[in-house]
file protein-v4.cif (mmCIF, C-alpha atoms and all ligand atoms)
data_entry
loop_
_atom_site.label_atom_id
_atom_site.label_comp_id
_atom_site.auth_asym_id
_atom_site.auth_seq_id
_atom_site.Cartn_x
_atom_site.Cartn_y
_atom_site.Cartn_z
CA MET A 1 1.08 5.93 26.20
CA ARG A 2 -0.30 3.84 23.36
CA ASN A 3 -0.15 0.10 23.40
CA LEU A 4 1.13 -0.74 19.93
CA SER A 5 3.66 -3.57 20.59
CA PRO A 6 4.35 -4.33 16.92
CA ARG A 7 6.27 -7.31 15.62
CA ARG A 8 6.76 -5.99 12.11
CA VAL A 9 6.97 -2.30 11.25
CA VAL A 10 6.92 -0.55 7.90
CA ILE A 11 8.73 2.79 8.04
CA LYS A 12 7.96 5.14 5.16
CA ILE A 13 10.29 8.09 4.68
CA GLY A 14 9.13 10.95 2.47
CA THR A 15 11.30 12.89 0.02
CA ASN A 16 11.27 16.10 2.06
CA THR A 17 12.39 14.13 5.09
CA ILE A 18 15.18 12.14 3.49
CA CYS A 19 16.60 14.95 1.34
CA ARG A 20 18.28 18.12 2.55
CA GLN A 21 17.13 21.58 1.47
CA ASP A 22 19.62 21.47 -1.42
CA GLY A 23 18.05 18.23 -2.69
CA THR A 24 20.91 15.91 -1.79
CA VAL A 25 20.33 12.78 0.28
CA ASP A 26 20.76 13.39 3.99
CA HIS A 27 23.26 10.71 4.99
CA ASP A 28 23.16 11.65 8.68
CA TYR A 29 19.41 11.19 8.69
CA ILE A 30 19.65 7.75 7.10
CA ALA A 31 22.37 6.83 9.59
CA ASP A 32 20.01 7.81 12.40
CA ILE A 33 17.18 5.71 10.93
CA ALA A 34 19.59 2.76 10.59
CA ARG A 35 20.50 3.05 14.28
CA GLN A 36 16.85 2.96 15.29
CA VAL A 37 16.04 0.05 13.00
CA VAL A 38 18.95 -1.92 14.46
CA GLU A 39 17.72 -1.13 17.97
CA LEU A 40 14.24 -2.36 17.05
CA GLU A 41 15.75 -5.56 15.72
CA SER A 42 17.54 -6.13 19.02
CA LYS A 43 14.06 -6.12 20.60
CA GLY A 44 12.80 -8.68 18.09
CA ILE A 45 10.93 -6.16 15.92
CA GLN A 46 11.40 -6.44 12.16
CA SER A 47 11.43 -3.37 9.92
CA ILE A 48 10.76 -2.77 6.25
CA ILE A 49 11.79 0.65 5.00
CA VAL A 50 9.79 2.27 2.20
CA THR A 51 11.92 5.08 0.91
CA SER A 52 11.17 8.02 -1.33
CA GLY A 53 13.80 10.39 -2.67
CA ALA A 54 14.89 8.68 -5.89
CA ILE A 55 13.46 11.32 -8.21
CA GLY A 56 14.51 14.16 -5.88
CA SER A 57 18.10 13.07 -5.38
CA GLY A 58 18.47 12.04 -9.04
CA SER A 59 17.26 15.47 -10.12
CA THR A 60 19.88 17.09 -7.88
CA GLU A 61 22.63 14.81 -9.20
CA LEU A 62 21.71 15.71 -12.79
CA ASN A 63 21.45 19.45 -12.03
CA LEU A 64 17.80 19.43 -13.04
CA ASN A 65 16.32 21.05 -9.95
CA GLY A 66 13.88 23.82 -10.78
CA LYS A 67 13.46 22.57 -14.37
CA ASN A 68 10.12 21.38 -15.69
CA LYS A 69 10.28 17.61 -16.02
CA ASP A 70 8.15 15.35 -18.17
CA ILE A 71 7.60 11.72 -17.18
CA PRO A 72 10.64 10.25 -19.01
CA MET A 73 12.89 12.84 -17.38
CA LYS A 74 11.48 12.01 -13.94
CA GLN A 75 12.04 8.34 -14.66
CA ALA A 76 15.62 9.07 -15.65
CA CYS A 77 16.06 10.99 -12.38
CA ALA A 78 14.62 8.00 -10.48
CA ALA A 79 17.09 5.64 -12.16
CA VAL A 80 19.99 7.85 -11.07
CA GLY A 81 18.61 8.66 -7.62
CA GLN A 82 17.70 5.09 -6.72
CA ALA A 83 21.38 4.11 -6.88
CA ILE A 84 22.30 7.09 -4.69
CA LEU A 85 19.64 6.13 -2.15
CA MET A 86 20.67 2.49 -1.96
CA LEU A 87 24.32 3.42 -1.54
CA ALA A 88 23.32 5.71 1.32
CA TYR A 89 21.32 2.94 3.04
CA ARG A 90 24.08 0.40 2.46
CA THR A 91 26.67 2.72 4.03
CA ALA A 92 24.44 3.53 6.99
CA PHE A 93 23.61 -0.10 7.83
CA ALA A 94 27.19 -1.32 7.17
CA LYS A 95 28.16 0.32 10.49
CA TYR A 96 26.03 -2.39 12.16
CA ALA A 97 27.15 -5.11 9.73
CA LYS A 98 23.61 -5.27 8.38
CA PRO A 99 23.13 -5.80 4.68
CA VAL A 100 20.29 -4.09 2.84
CA GLY A 101 18.21 -5.40 -0.06
CA GLN A 102 16.57 -3.29 -2.76
CA ILE A 103 12.97 -4.08 -3.64
CA LEU A 104 11.40 -2.12 -6.49
CA VAL A 105 7.69 -2.72 -6.98
CA THR A 106 4.78 -1.56 -9.08
CA TYR A 107 1.08 -1.84 -8.29
CA GLY A 108 1.04 -4.83 -10.63
CA ALA A 109 3.21 -6.74 -8.18
CA PHE A 110 0.34 -6.58 -5.72
CA SER A 111 -2.38 -7.43 -8.22
CA ASP A 112 -0.92 -10.58 -9.69
CA ARG A 113 -1.09 -13.35 -7.11
CA LYS A 114 2.04 -15.16 -8.32
CA ARG A 115 4.15 -12.02 -8.38
CA TYR A 116 2.80 -11.02 -4.97
CA LEU A 117 3.59 -14.43 -3.47
CA ASN A 118 7.11 -14.20 -4.93
CA LEU A 119 7.53 -10.77 -3.41
CA ARG A 120 6.35 -12.05 -0.06
CA LYS A 121 8.68 -15.04 -0.16
CA THR A 122 11.65 -12.86 -1.05
CA ILE A 123 10.99 -10.44 1.80
CA GLU A 124 10.57 -13.32 4.27
CA GLU A 125 13.87 -14.77 2.99
CA LEU A 126 15.60 -11.41 3.40
CA PHE A 127 14.46 -11.36 7.04
CA LYS A 128 15.81 -14.89 7.56
CA LEU A 129 19.14 -13.74 6.13
CA GLY A 130 19.22 -10.72 8.43
CA VAL A 131 18.83 -8.24 5.55
CA VAL A 132 16.87 -4.99 5.87
CA PRO A 133 14.39 -4.71 2.96
CA ILE A 134 14.36 -1.25 1.36
CA VAL A 135 11.33 -0.73 -0.88
CA ASN A 136 10.53 1.93 -3.44
CA GLU A 137 8.22 2.15 -6.40
CA ASN A 138 9.87 1.08 -9.63
CA ASP A 139 9.41 4.56 -11.04
CA VAL A 140 11.44 3.75 -14.14
CA ILE A 141 8.77 1.41 -15.49
CA ALA A 142 5.70 2.21 -13.38
CA THR A 143 4.23 4.93 -15.57
CA ASP A 144 4.23 2.59 -18.60
CA GLU A 145 1.06 1.28 -17.08
CA ILE A 146 -0.67 4.53 -16.21
CA ASP A 147 -3.50 2.79 -14.37
CA GLU A 148 -1.03 0.97 -12.22
CA VAL A 149 1.10 3.88 -11.18
CA PHE A 150 1.31 4.38 -7.44
CA GLY A 151 2.28 7.98 -7.76
CA ASP A 152 2.94 8.16 -4.10
CA ASN A 153 4.79 6.08 -1.62
CA ASP A 154 2.06 6.54 1.02
CA LYS A 155 -0.22 4.08 -0.74
CA LEU A 156 2.75 1.90 -1.62
CA SER A 157 3.81 1.67 2.01
CA ALA A 158 0.25 0.83 3.10
CA LEU A 159 0.07 -1.96 0.53
CA VAL A 160 3.42 -3.27 1.70
CA ALA A 161 2.18 -3.19 5.29
CA ALA A 162 -1.14 -4.85 4.41
CA ASN A 163 0.39 -7.57 2.28
CA MET A 164 3.42 -8.25 4.45
CA ASP A 165 1.44 -8.66 7.65
CA ALA A 166 2.94 -5.63 9.36
CA ASP A 167 1.18 -4.42 12.48
CA LEU A 168 2.50 -0.86 12.44
CA LEU A 169 3.05 1.59 9.60
CA ILE A 170 4.93 4.78 10.41
CA LEU A 171 4.76 7.61 7.87
CA LEU A 172 7.69 9.90 8.56
CA THR A 173 6.97 13.27 7.08
CA ASP A 174 7.70 16.97 7.47
CA VAL A 175 4.57 17.77 9.47
CA ASP A 176 3.57 16.72 12.99
CA GLY A 177 0.49 14.74 12.01
CA LEU A 178 -3.09 15.44 10.98
CA TYR A 179 -4.60 18.71 12.18
CA ASP A 180 -8.29 19.51 12.40
CA ARG A 181 -7.59 22.74 10.53
CA ASN A 182 -4.63 24.15 8.68
CA PRO A 183 -2.09 25.17 11.35
CA ASN A 184 -0.43 27.58 8.93
CA PHE A 185 -3.62 29.59 8.60
CA ASP A 186 -5.34 28.90 11.87
CA PRO A 187 -3.57 29.36 15.23
CA ASP A 188 -6.32 27.31 16.94
CA ALA A 189 -5.65 24.26 14.78
CA ARG A 190 -5.41 21.15 16.92
CA LEU A 191 -3.30 18.07 16.22
CA LEU A 192 -5.50 14.98 16.19
CA THR A 193 -3.74 12.38 18.29
CA VAL A 194 -6.03 9.45 17.49
CA VAL A 195 -8.31 8.66 14.58
CA ASP A 196 -10.43 5.54 15.01
CA GLU A 197 -12.49 5.95 11.87
CA ILE A 198 -12.03 7.73 8.56
CA THR A 199 -15.16 9.83 8.68
CA LYS A 200 -16.36 12.29 6.05
CA ASP A 201 -14.96 14.99 8.30
CA ILE A 202 -11.48 13.46 8.26
CA GLU A 203 -11.64 13.14 4.47
CA ARG A 204 -12.68 16.77 4.24
CA ILE A 205 -9.83 17.97 6.46
CA ALA A 206 -7.33 15.95 4.46
CA GLY A 207 -8.79 16.88 1.12
CA ASP A 208 -8.68 20.61 1.73
CA LYS A 209 -6.50 22.03 -1.06
CA ARG A 210 -4.81 24.52 1.23
CA ASN A 211 -4.22 21.77 3.69
CA GLU A 212 -2.83 19.57 0.94
CA ARG A 213 -0.07 21.95 0.02
CA SER A 214 0.95 23.33 3.32
CA VAL A 215 0.26 20.39 5.60
CA GLY A 216 1.92 17.94 3.28
CA GLY A 217 -0.09 15.57 1.12
CA MET A 218 -2.61 14.48 3.75
CA ARG A 219 -5.03 13.10 1.18
CA THR A 220 -2.70 10.28 0.16
CA LYS A 221 -1.91 9.62 3.81
CA ILE A 222 -5.59 9.20 4.62
CA ALA A 223 -5.92 6.81 1.66
CA ALA A 224 -2.98 4.89 3.11
CA ALA A 225 -4.62 4.91 6.55
CA LYS A 226 -7.77 3.30 5.13
CA ILE A 227 -5.74 0.42 3.68
CA ALA A 228 -3.67 -0.01 6.84
CA MET A 229 -6.64 0.16 9.24
CA GLN A 230 -8.68 -2.37 7.27
CA SER A 231 -5.65 -4.64 7.31
CA GLY A 232 -5.39 -4.67 11.07
CA CYS A 233 -2.32 -2.44 10.98
CA ASN A 234 -2.00 0.67 13.12
CA MET A 235 -0.63 3.71 11.33
CA VAL A 236 1.12 6.75 12.76
CA ILE A 237 1.88 9.95 10.87
CA ALA A 238 4.80 11.60 12.62
CA ASN A 239 7.36 14.29 12.09
CA GLY A 240 10.39 12.42 10.77
CA ARG A 241 12.78 14.95 12.24
CA LEU A 242 11.88 14.30 15.88
CA GLU A 243 14.65 12.73 17.89
CA ASN A 244 14.37 8.92 18.06
CA VAL A 245 10.98 9.19 16.38
CA VAL A 246 10.79 5.57 15.23
CA LEU A 247 11.70 4.14 18.64
CA ARG A 248 9.36 6.48 20.46
CA VAL A 249 6.40 5.73 18.19
CA VAL A 250 7.00 1.99 18.53
CA GLU A 251 7.21 2.30 22.31
CA GLY A 252 3.80 3.97 22.29
CA GLU A 253 4.70 7.57 23.02
CA GLU A 254 1.86 9.85 21.90
CA ILE A 255 3.60 11.38 18.93
CA GLY A 256 1.80 12.46 15.76
CA THR A 257 -1.55 11.01 14.74
CA LEU A 258 -2.42 7.37 15.34
CA PHE A 259 -4.93 5.69 13.03
CA THR A 260 -6.12 2.65 14.90
CA ALA A 261 -6.34 -0.76 13.27
CA THR A 262 -9.75 -2.31 12.76
CA PRO A 263 -8.85 -5.93 11.98
CA LYS A 264 -11.37 -7.42 9.63
CA TYR A 265 -9.77 -9.35 6.84
CA THR A 266 -7.44 -12.35 6.55
CA ILE A 267 -4.19 -11.92 4.64
CA LYS A 268 -5.70 -13.52 1.52
CA GLU A 269 -8.82 -11.34 1.75
CA ARG A 270 -6.57 -8.32 2.05
CA TRP A 271 -4.75 -9.30 -1.09
CA ILE A 272 -8.04 -9.59 -2.97
CA LEU A 273 -9.29 -6.32 -1.53
CA PHE A 274 -6.28 -4.27 -2.58
CA ALA A 275 -5.42 -5.97 -5.89
CA CYS A 276 -6.21 -3.93 -8.98
CA PRO A 277 -9.32 -5.55 -10.59
CA ARG A 278 -8.80 -6.74 -14.15
CA GLY A 279 -12.47 -6.80 -15.10
CA LYS A 280 -15.99 -6.96 -13.82
CA LEU A 281 -18.76 -9.53 -13.67
CA VAL A 282 -22.24 -8.09 -13.81
CA ILE A 283 -24.54 -10.53 -12.00
CA ASP A 284 -28.26 -10.97 -11.44
CA GLU A 285 -30.17 -10.31 -8.21
CA GLY A 286 -30.30 -13.96 -7.15
CA ALA A 287 -26.55 -14.33 -7.50
CA GLU A 288 -25.99 -11.09 -5.60
CA LYS A 289 -28.08 -12.37 -2.72
CA ALA A 290 -26.24 -15.70 -2.74
CA VAL A 291 -22.80 -14.09 -2.81
CA LYS A 292 -23.79 -11.75 0.02
CA GLU A 293 -24.86 -14.80 2.01
CA GLY A 294 -21.38 -16.26 1.57
CA LYS A 295 -22.02 -18.59 -1.37
CA SER A 296 -19.92 -19.08 -4.50
CA LEU A 297 -20.71 -17.19 -7.70
CA LEU A 298 -22.07 -19.58 -10.33
CA LEU A 299 -22.04 -19.22 -14.10
CA CYS A 300 -25.84 -18.99 -14.25
CA GLY A 301 -25.78 -15.79 -12.18
CA VAL A 302 -23.35 -13.97 -14.49
CA GLN A 303 -25.15 -11.60 -16.83
CA SER A 304 -22.24 -9.94 -18.58
CA ILE A 305 -18.50 -9.58 -18.46
CA GLU A 306 -16.38 -6.47 -18.68
CA GLY A 307 -12.65 -6.46 -19.36
CA ASN A 308 -10.14 -9.03 -20.39
CA PHE A 309 -8.88 -11.18 -17.57
CA LYS A 310 -7.07 -14.43 -16.94
CA LYS A 311 -7.85 -17.31 -14.62
CA GLY A 312 -6.57 -16.31 -11.17
CA ASP A 313 -7.07 -12.56 -11.70
CA VAL A 314 -9.06 -10.41 -9.31
CA VAL A 315 -12.31 -8.99 -10.73
CA ARG A 316 -15.12 -6.88 -9.38
CA ILE A 317 -18.42 -8.59 -8.73
CA GLY A 318 -21.08 -5.99 -9.42
CA ASN A 319 -20.24 -3.02 -7.25
CA PHE A 320 -20.25 -4.84 -3.94
CA ALA A 321 -17.49 -7.47 -3.98
CA LYS A 322 -14.19 -8.63 -5.45
CA GLY A 323 -12.96 -12.14 -6.08
CA ILE A 324 -10.45 -14.42 -7.79
CA VAL A 325 -11.89 -15.94 -10.96
CA ASN A 326 -11.56 -19.64 -11.80
CA PHE A 327 -11.77 -18.95 -15.54
CA SER A 328 -10.55 -16.36 -18.03
CA SER A 329 -13.01 -13.84 -19.49
CA ALA A 330 -12.87 -15.69 -22.84
CA GLU A 331 -13.69 -19.01 -21.15
CA ILE A 332 -16.64 -17.51 -19.27
CA VAL A 333 -18.01 -15.97 -22.48
CA ALA A 334 -17.66 -19.33 -24.28
CA MET A 335 -19.36 -21.19 -21.42
CA LYS A 336 -22.21 -18.67 -21.40
CA VAL A 337 -22.70 -19.05 -25.14
CA SER A 338 -22.74 -22.84 -25.07
CA SER A 339 -24.98 -22.92 -21.98
CA LYS A 340 -27.60 -20.99 -24.00
CA CYS A 341 -27.47 -23.45 -26.91
CA GLU A 342 -27.67 -26.69 -25.01
CA ASN A 343 -30.36 -28.17 -22.88
CA SER A 344 -28.87 -31.26 -21.32
CA ASP A 345 -27.62 -32.66 -18.02
CA GLN A 346 -24.15 -31.64 -19.00
CA ASN A 347 -25.42 -28.11 -19.41
CA SER A 348 -27.16 -27.96 -16.07
CA ASN A 349 -23.83 -28.96 -14.49
CA ARG A 350 -22.08 -26.32 -16.48
CA ILE A 351 -24.31 -23.45 -15.36
CA ARG A 352 -23.73 -24.49 -11.75
CA LYS A 353 -19.96 -24.18 -12.17
CA ALA A 354 -18.39 -21.87 -9.64
CA ILE A 355 -16.90 -18.93 -11.48
CA ILE A 356 -15.59 -17.67 -8.13
CA GLU A 357 -15.43 -19.87 -5.03
CA SER A 358 -16.93 -18.40 -1.87
CA GLU A 359 -13.56 -18.45 -0.08
CA ASN A 360 -12.13 -16.26 -2.86
CA ILE A 361 -14.78 -13.54 -2.52
CA VAL A 362 -14.50 -10.43 -0.36
CA LEU A 363 -17.47 -8.14 0.20
CA LEU A 364 -16.63 -4.45 0.02
CA ASN A 365 -17.81 -2.02 2.65
N1 LIG B 1 9.01 6.92 -5.70
C1 LIG B 1 9.26 8.33 -5.63
C2 LIG B 1 10.75 8.59 -5.44
O1 LIG B 1 11.46 7.76 -4.93
C3 LIG B 1 8.58 8.97 -4.46
C4 LIG B 1 7.09 9.07 -4.52
C5 LIG B 1 6.59 9.82 -3.26
O2 LIG B 1 7.26 10.74 -2.81
O3 LIG B 1 5.55 9.48 -2.73
O4 LIG B 1 11.20 9.66 -5.75
#
call {"tool": "encode", "arguments": {"input": "protein-v4.cif", "output": "structure tokens"}}
result
Amino acid sequence: MRNLSPRRVVIKIGTNTICRQDGTVDHDYIADIARQVVELESKGIQSIIVTSGAIGSGSTELNLNGKNKDIPMKQACAAVGQAILMLAYRTAFAKYAKPVGQILVTYGAFSDRKRYLNLRKTIEELFKLGVVPIVNENDVIATDEIDEVFGDNDKLSALVAANMDADLLILLTDVDGLYDRNPNFDPDARLLTVVDEITKDIERIAGDKRNERSVGGMRTKIAAAKIAMQSGCNMVIANGRLENVVLRVVEGEEIGTLFTATPKYTIKERWILFACPRGKLVIDEGAEKAVKEGKSLLLCGVQSIEGNFKKGDVVRIGNFAKGIVNFSSAEIVAMKVSSKCENSDQNSNRIRKAIIESENIVLLN
């Protein structure tokens, strides 16, 4: 048995798990998930569901299965399918008099501190009100910002887990977990029950093209595992069709592959770590040394600025850290210019201004 004892669980359900062969939403399956979530709640464990299936079920509803779809058509499918999904969840949880709440997010919601804090507050409020939060990517608008597109709910669910302080992420999928080799090609393939570290070997197994197709998108699951593990959140990849899978994983039964948490960062550090950087500060050697020693980044150490960012945005510091800037890119450029022209006391104060405070800096691995 594993000792997971979570307080807050994120349950991610993949499209192939939530939809039937014919592409329609599997209402019985959702009903079964609802039952398990309600049982967890009776034990004091909160759940956030991250659901896929909007594009798939929308495509079925619009008779578009098998047709080539461009992005706008997929977005249209998502708009239709999202309503179908939510209705299915609402119906399933209504049996237990539990309301559900729809949360549609883009990567941007996790990169802008205000939007992220709003998201966090709303989810906490939903819990207080006894509502089950049901999250999906806002596919309808997400691809407008190509750089911000999640593309997959594996990463989305890991970001939700990391930023919502979950201690267990369960990826329910159509395979049993991570194998050391492709089980469809190799009868000696072994299911890995525990992964404590994402080694080059693990990346290789997951990145294998044959593995990708037939073992079910392991690459994105490994990327999700990295986020979850660094956030102090255990992650289990399990076959979503196993009986009572959610309850059994939570209880610690050795199902699927467990990626063990390596707690390292505070919740704020996690936010900085996983936010999409809006720019980059190139800094000199002295500043790099200072930042690595846990000091603030001062104006005098900044050599050049890349990108267009606002005060409060997350930027890269060289290639070794990320942090929240105290000034916009335009302000930093202006301060640099005037610091070169003046030679006064006022100026020496200016160049010692903290562009990023030490407590807002996270060193990357
Ligand atoms: N957001 C997509 C949908 O609901 C799913 C993306 C994924 O399967 O990872 O259809």
call {"tool": "closest_atom_pairs", "arguments": {"input": "protein-v4.cif", "of": "chain A", "to": "ligand LIG 1 (chain B)", "cutoff": "9 Å", "atoms": "only C-alpha atoms and all ligand atoms", "output": "tab-separated table"}}
result
residue	atom	partner	partner_atom	distance
A:Ile13	CA	B:LIG1	O2	8.5
A:Gly14	CA	B:LIG1	O2	5.6
A:Thr15	CA	B:LIG1	O2	5.4
A:Asn16	CA	B:LIG1	O2	8.3
A:Thr51	CA	B:LIG1	O1	6.4
A:Ser52	CA	B:LIG1	O1	3.6
A:Gly53	CA	B:LIG1	O4	4.1
A:Ala54	CA	B:LIG1	O1	3.7
A:Ile55	CA	B:LIG1	O4	3.7
A:Gly56	CA	B:LIG1	O4	5.6
A:Ser57	CA	B:LIG1	O4	7.7
A:Gly58	CA	B:LIG1	O4	8.3
A:Lys74	CA	B:LIG1	O4	8.5
A:Cys77	CA	B:LIG1	O4	8.3
A:Ala78	CA	B:LIG1	O4	6.1
A:Gly81	CA	B:LIG1	O1	7.7
A:Gln82	CA	B:LIG1	O1	7.0
A:Leu85	CA	B:LIG1	O1	8.8
A:Asn136	CA	B:LIG1	N1	5.7
A:Glu137	CA	B:LIG1	N1	4.9
A:Asn138	CA	B:LIG1	N1	7.1
A:Asp139	CA	B:LIG1	N1	5.9
A:Phe150	CA	B:LIG1	C4	8.0
A:Gly151	CA	B:LIG1	C4	5.9
A:Asp152	CA	B:LIG1	O3	3.2
A:Asn153	CA	B:LIG1	O3	3.7
A:Asp154	CA	B:LIG1	O3	5.9
A:Lys155	CA	B:LIG1	O3	8.1
A:Leu156	CA	B:LIG1	O3	8.2
A:Thr220	CA	B:LIG1	O3	8.8
call {"tool": "atom_distance", "arguments": {"input": "protein-v4.cif", "atom1": "atom CA of A:Trp271", "atom2": "atom CA of A:Leu364"}}
result
12.9 Å
call {"tool": "closest_residue", "arguments": {"input": "protein-v4.cif", "among": "A:Leu191, A:Val315, A:Val236, A:Ala88", "to": "A:Gly279", "atoms": "all atoms listed in the file"}}
result
A:Val315
call {"tool": "atom_distance", "arguments": {"input": "protein-v4.cif", "atom1": "atom CA of A:Gly130", "atom2": "atom CA of A:Thr24"}}
result
28.6 Å
call {"tool": "closest_residue", "arguments": {"input": "protein-v4.cif", "among": "A:Cys276, A:Cys300, A:Ala158, A:Val175", "to": "A:Gln230", "atoms": "all atoms listed in the file"}}
result
A:Ala158
call {"tool": "atom_distance", "arguments": {"input": "protein-v4.cif", "atom1": "atom CA of A:Val314", "atom2": "atom CA of A:Ala275"}}
result
6.7 Å
call {"tool": "residues_around", "arguments": {"input": "protein-v4.cif", "residues": "stretch 194-203 of chain A", "least_positions_apart": "3", "cutoff": "7 Å", "atoms": "only C-alpha atoms", "output": "list in words"}}
result
Ala206, Gly207, Thr257, Leu258, Phe259 and Thr260 of chain A
call {"tool": "write_last_selection", "arguments": {"input": "protein-v4.cif", "atoms": "C-alpha atoms", "output": "compact mmCIF listing (two decimals), in the frame of the given file"}}
result
# COMPACT_ATOMS: atom_id res chain seq x y z
CA ALA A 206 -7.33 15.95 4.46
CA GLY A 207 -8.79 16.88 1.12
CA THR A 257 -1.55 11.01 14.74
CA LEU A 258 -2.42 7.37 15.34
CA PHE A 259 -4.93 5.69 13.03
CA THR A 260 -6.12 2.65 14.90
call {"tool": "closest_residue", "arguments": {"input": "protein-v4.cif", "among": "A:Ile205, A:Val291, A:Val80, A:Ala94", "to": "A:Ala321", "atoms": "all atoms listed in the file"}}
result
A:Val291
call {"tool": "closest_residue", "arguments": {"input": "protein-v4.cif", "among": "A:Thr262, A:Asn163, A:Glu306, A:Ala354", "to": "A:Ala287", "atoms": "all atoms listed in the file"}}
result
A:Ala354
call {"tool": "residues_near_point", "arguments": {"input": "protein-v4.cif", "point": "(-25.7, -16.4, -13.2)", "cutoff": "10 Å", "atoms": "all atoms listed in the file", "output": "list in words"}}
result
Leu281, Val282, Ile283, Asp284, Glu285, Gly286, Ala287, Glu288, Leu297, Leu298, Leu299, Cys300, Gly301, Val302, Gln303, Ser304, Lys336, Ile351, Arg352, Lys353, Ala354 and Ile355 of chain A
call {"tool": "write_last_selection", "arguments": {"input": "protein-v4.cif", "atoms": "C-alpha atoms", "output": "compact mmCIF listing (two decimals), in the coordinates of the input"}}
result
# COMPACT_ATOMS: atom_id res chain seq x y z
CA LEU A 281 -18.76 -9.53 -13.67
CA VAL A 282 -22.24 -8.09 -13.81
CA ILE A 283 -24.54 -10.53 -12.00
CA ASP A 284 -28.26 -10.97 -11.44
CA GLU A 285 -30.17 -10.31 -8.21
CA GLY A 286 -30.30 -13.96 -7.15
CA ALA A 287 -26.55 -14.33 -7.50
CA GLU A 288 -25.99 -11.09 -5.60
CA LEU A 297 -20.71 -17.19 -7.70
CA LEU A 298 -22.07 -19.58 -10.33
CA LEU A 299 -22.04 -19.22 -14.10
CA CYS A 300 -25.84 -18.99 -14.25
CA GLY A 301 -25.78 -15.79 -12.18
CA VAL A 302 -23.35 -13.97 -14.49
CA GLN A 303 -25.15 -11.60 -16.83
CA SER A 304 -22.24 -9.94 -18.58
CA LYS A 336 -22.21 -18.67 -21.40
CA ILE A 351 -24.31 -23.45 -15.36
CA ARG A 352 -23.73 -24.49 -11.75
CA LYS A 353 -19.96 -24.18 -12.17
CA ALA A 354 -18.39 -21.87 -9.64
CA ILE A 355 -16.90 -18.93 -11.48
call {"tool": "residues_around", "arguments": {"input": "protein-v4.cif", "residues": "A:Asp28", "least_positions_apart": "6", "cutoff": "12 Å", "atoms": "all atoms listed in the file", "output": "list in words"}}
result
Thr17, Ile18, Cys19, Arg20, Ala34, Arg35, Ala88, Tyr89, Thr91, Ala92, Phe93 and Arg241 of chain A
call {"tool": "closest_residue", "arguments": {"input": "protein-v4.cif", "among": "A:Asn3, A:Lys310, A:Val132, A:Asp112", "to": "A:Pro99", "atoms": "only C-alpha atoms"}}
result
A:Val132
call {"tool": "closest_residue", "arguments": {"input": "protein-v4.cif", "among": "A:Arg278, A:Lys268, A:Met229, A:Val37", "to": "A:Ile49", "atoms": "only C-alpha atoms"}}
result
A:Val37
call {"tool": "axis_aligned_box", "arguments": {"input": "protein-v4.cif", "around": "stretch 253-260 of chain A", "padding_each_side": "5 Å", "output": "AutoDock Vina command-line options"}}
result
--center_x -0.7 --center_y 7.6 --center_z 18.0 --size_x 20.8 --size_y 19.8 --size_z 20.0
call {"tool": "residues_around", "arguments": {"input": "protein-v4.cif", "residues": "A:Ser329", "least_positions_apart": "2", "cutoff": "10 Å", "atoms": "only C-alpha atoms", "output": "PDB file with C-alpha atoms, in the coordinates of the input"}}
result
ATOM      1  CA  ARG A 278      -8.800  -6.740 -14.150  1.00  0.00           C
ATOM      2  CA  GLY A 279     -12.470  -6.800 -15.100  1.00  0.00           C
ATOM      3  CA  LYS A 280     -15.990  -6.960 -13.820  1.00  0.00           C
ATOM      4  CA  LEU A 281     -18.760  -9.530 -13.670  1.00  0.00           C
ATOM      5  CA  ILE A 305     -18.500  -9.580 -18.460  1.00  0.00           C
ATOM      6  CA  GLU A 306     -16.380  -6.470 -18.680  1.00  0.00           C
ATOM      7  CA  GLY A 307     -12.650  -6.460 -19.360  1.00  0.00           C
ATOM      8  CA  ASN A 308     -10.140  -9.030 -20.390  1.00  0.00           C
ATOM      9  CA  PHE A 309      -8.880 -11.180 -17.570  1.00  0.00           C
ATOM     10  CA  LYS A 310      -7.070 -14.430 -16.940  1.00  0.00           C
ATOM     11  CA  LYS A 311      -7.850 -17.310 -14.620  1.00  0.00           C
ATOM     12  CA  ASP A 313      -7.070 -12.560 -11.700  1.00  0.00           C
ATOM     13  CA  VAL A 325     -11.890 -15.940 -10.960  1.00  0.00           C
ATOM     14  CA  ASN A 326     -11.560 -19.640 -11.800  1.00  0.00           C
ATOM     15  CA  PHE A 327     -11.770 -18.950 -15.540  1.00  0.00           C
ATOM     16  CA  GLU A 331     -13.690 -19.010 -21.150  1.00  0.00           C
ATOM     17  CA  ILE A 332     -16.640 -17.510 -19.270  1.00  0.00           C
ATOM     18  CA  VAL A 333     -18.010 -15.970 -22.480  1.00  0.00           C
ATOM     19  CA  ALA A 334     -17.660 -19.330 -24.280  1.00  0.00           C
ATOM     20  CA  MET A 335     -19.360 -21.190 -21.420  1.00  0.00           C
TER      21      MET A 335
END
call {"tool": "residues_around", "arguments": {"input": "protein-v4.cif", "residues": "A:Val160", "least_positions_apart": "2", "cutoff": "9 Å", "atoms": "all atoms listed in the file", "output": "ChimeraX atom specification"}}
result
/A:10,48,50,110,135,155-158,162-166
call {"tool": "write_last_selection", "arguments": {"input": "protein-v4.cif", "atoms": "C-alpha atoms", "output": "tab-separated table (two decimals), in the coordinates of the input"}}
result
chain	number	residue	atom	x	y	z
A	10	VAL	CA	6.92	-0.55	7.90
A	48	ILE	CA	10.76	-2.77	6.25
A	50	VAL	CA	9.79	2.27	2.20
A	110	PHE	CA	0.34	-6.58	-5.72
A	135	VAL	CA	11.33	-0.73	-0.88
A	155	LYS	CA	-0.22	4.08	-0.74
A	156	LEU	CA	2.75	1.90	-1.62
A	157	SER	CA	3.81	1.67	2.01
A	158	ALA	CA	0.25	0.83	3.10
A	162	ALA	CA	-1.14	-4.85	4.41
A	163	ASN	CA	0.39	-7.57	2.28
A	164	MET	CA	3.42	-8.25	4.45
A	165	ASP	CA	1.44	-8.66	7.65
A	166	ALA	CA	2.94	-5.63	9.36
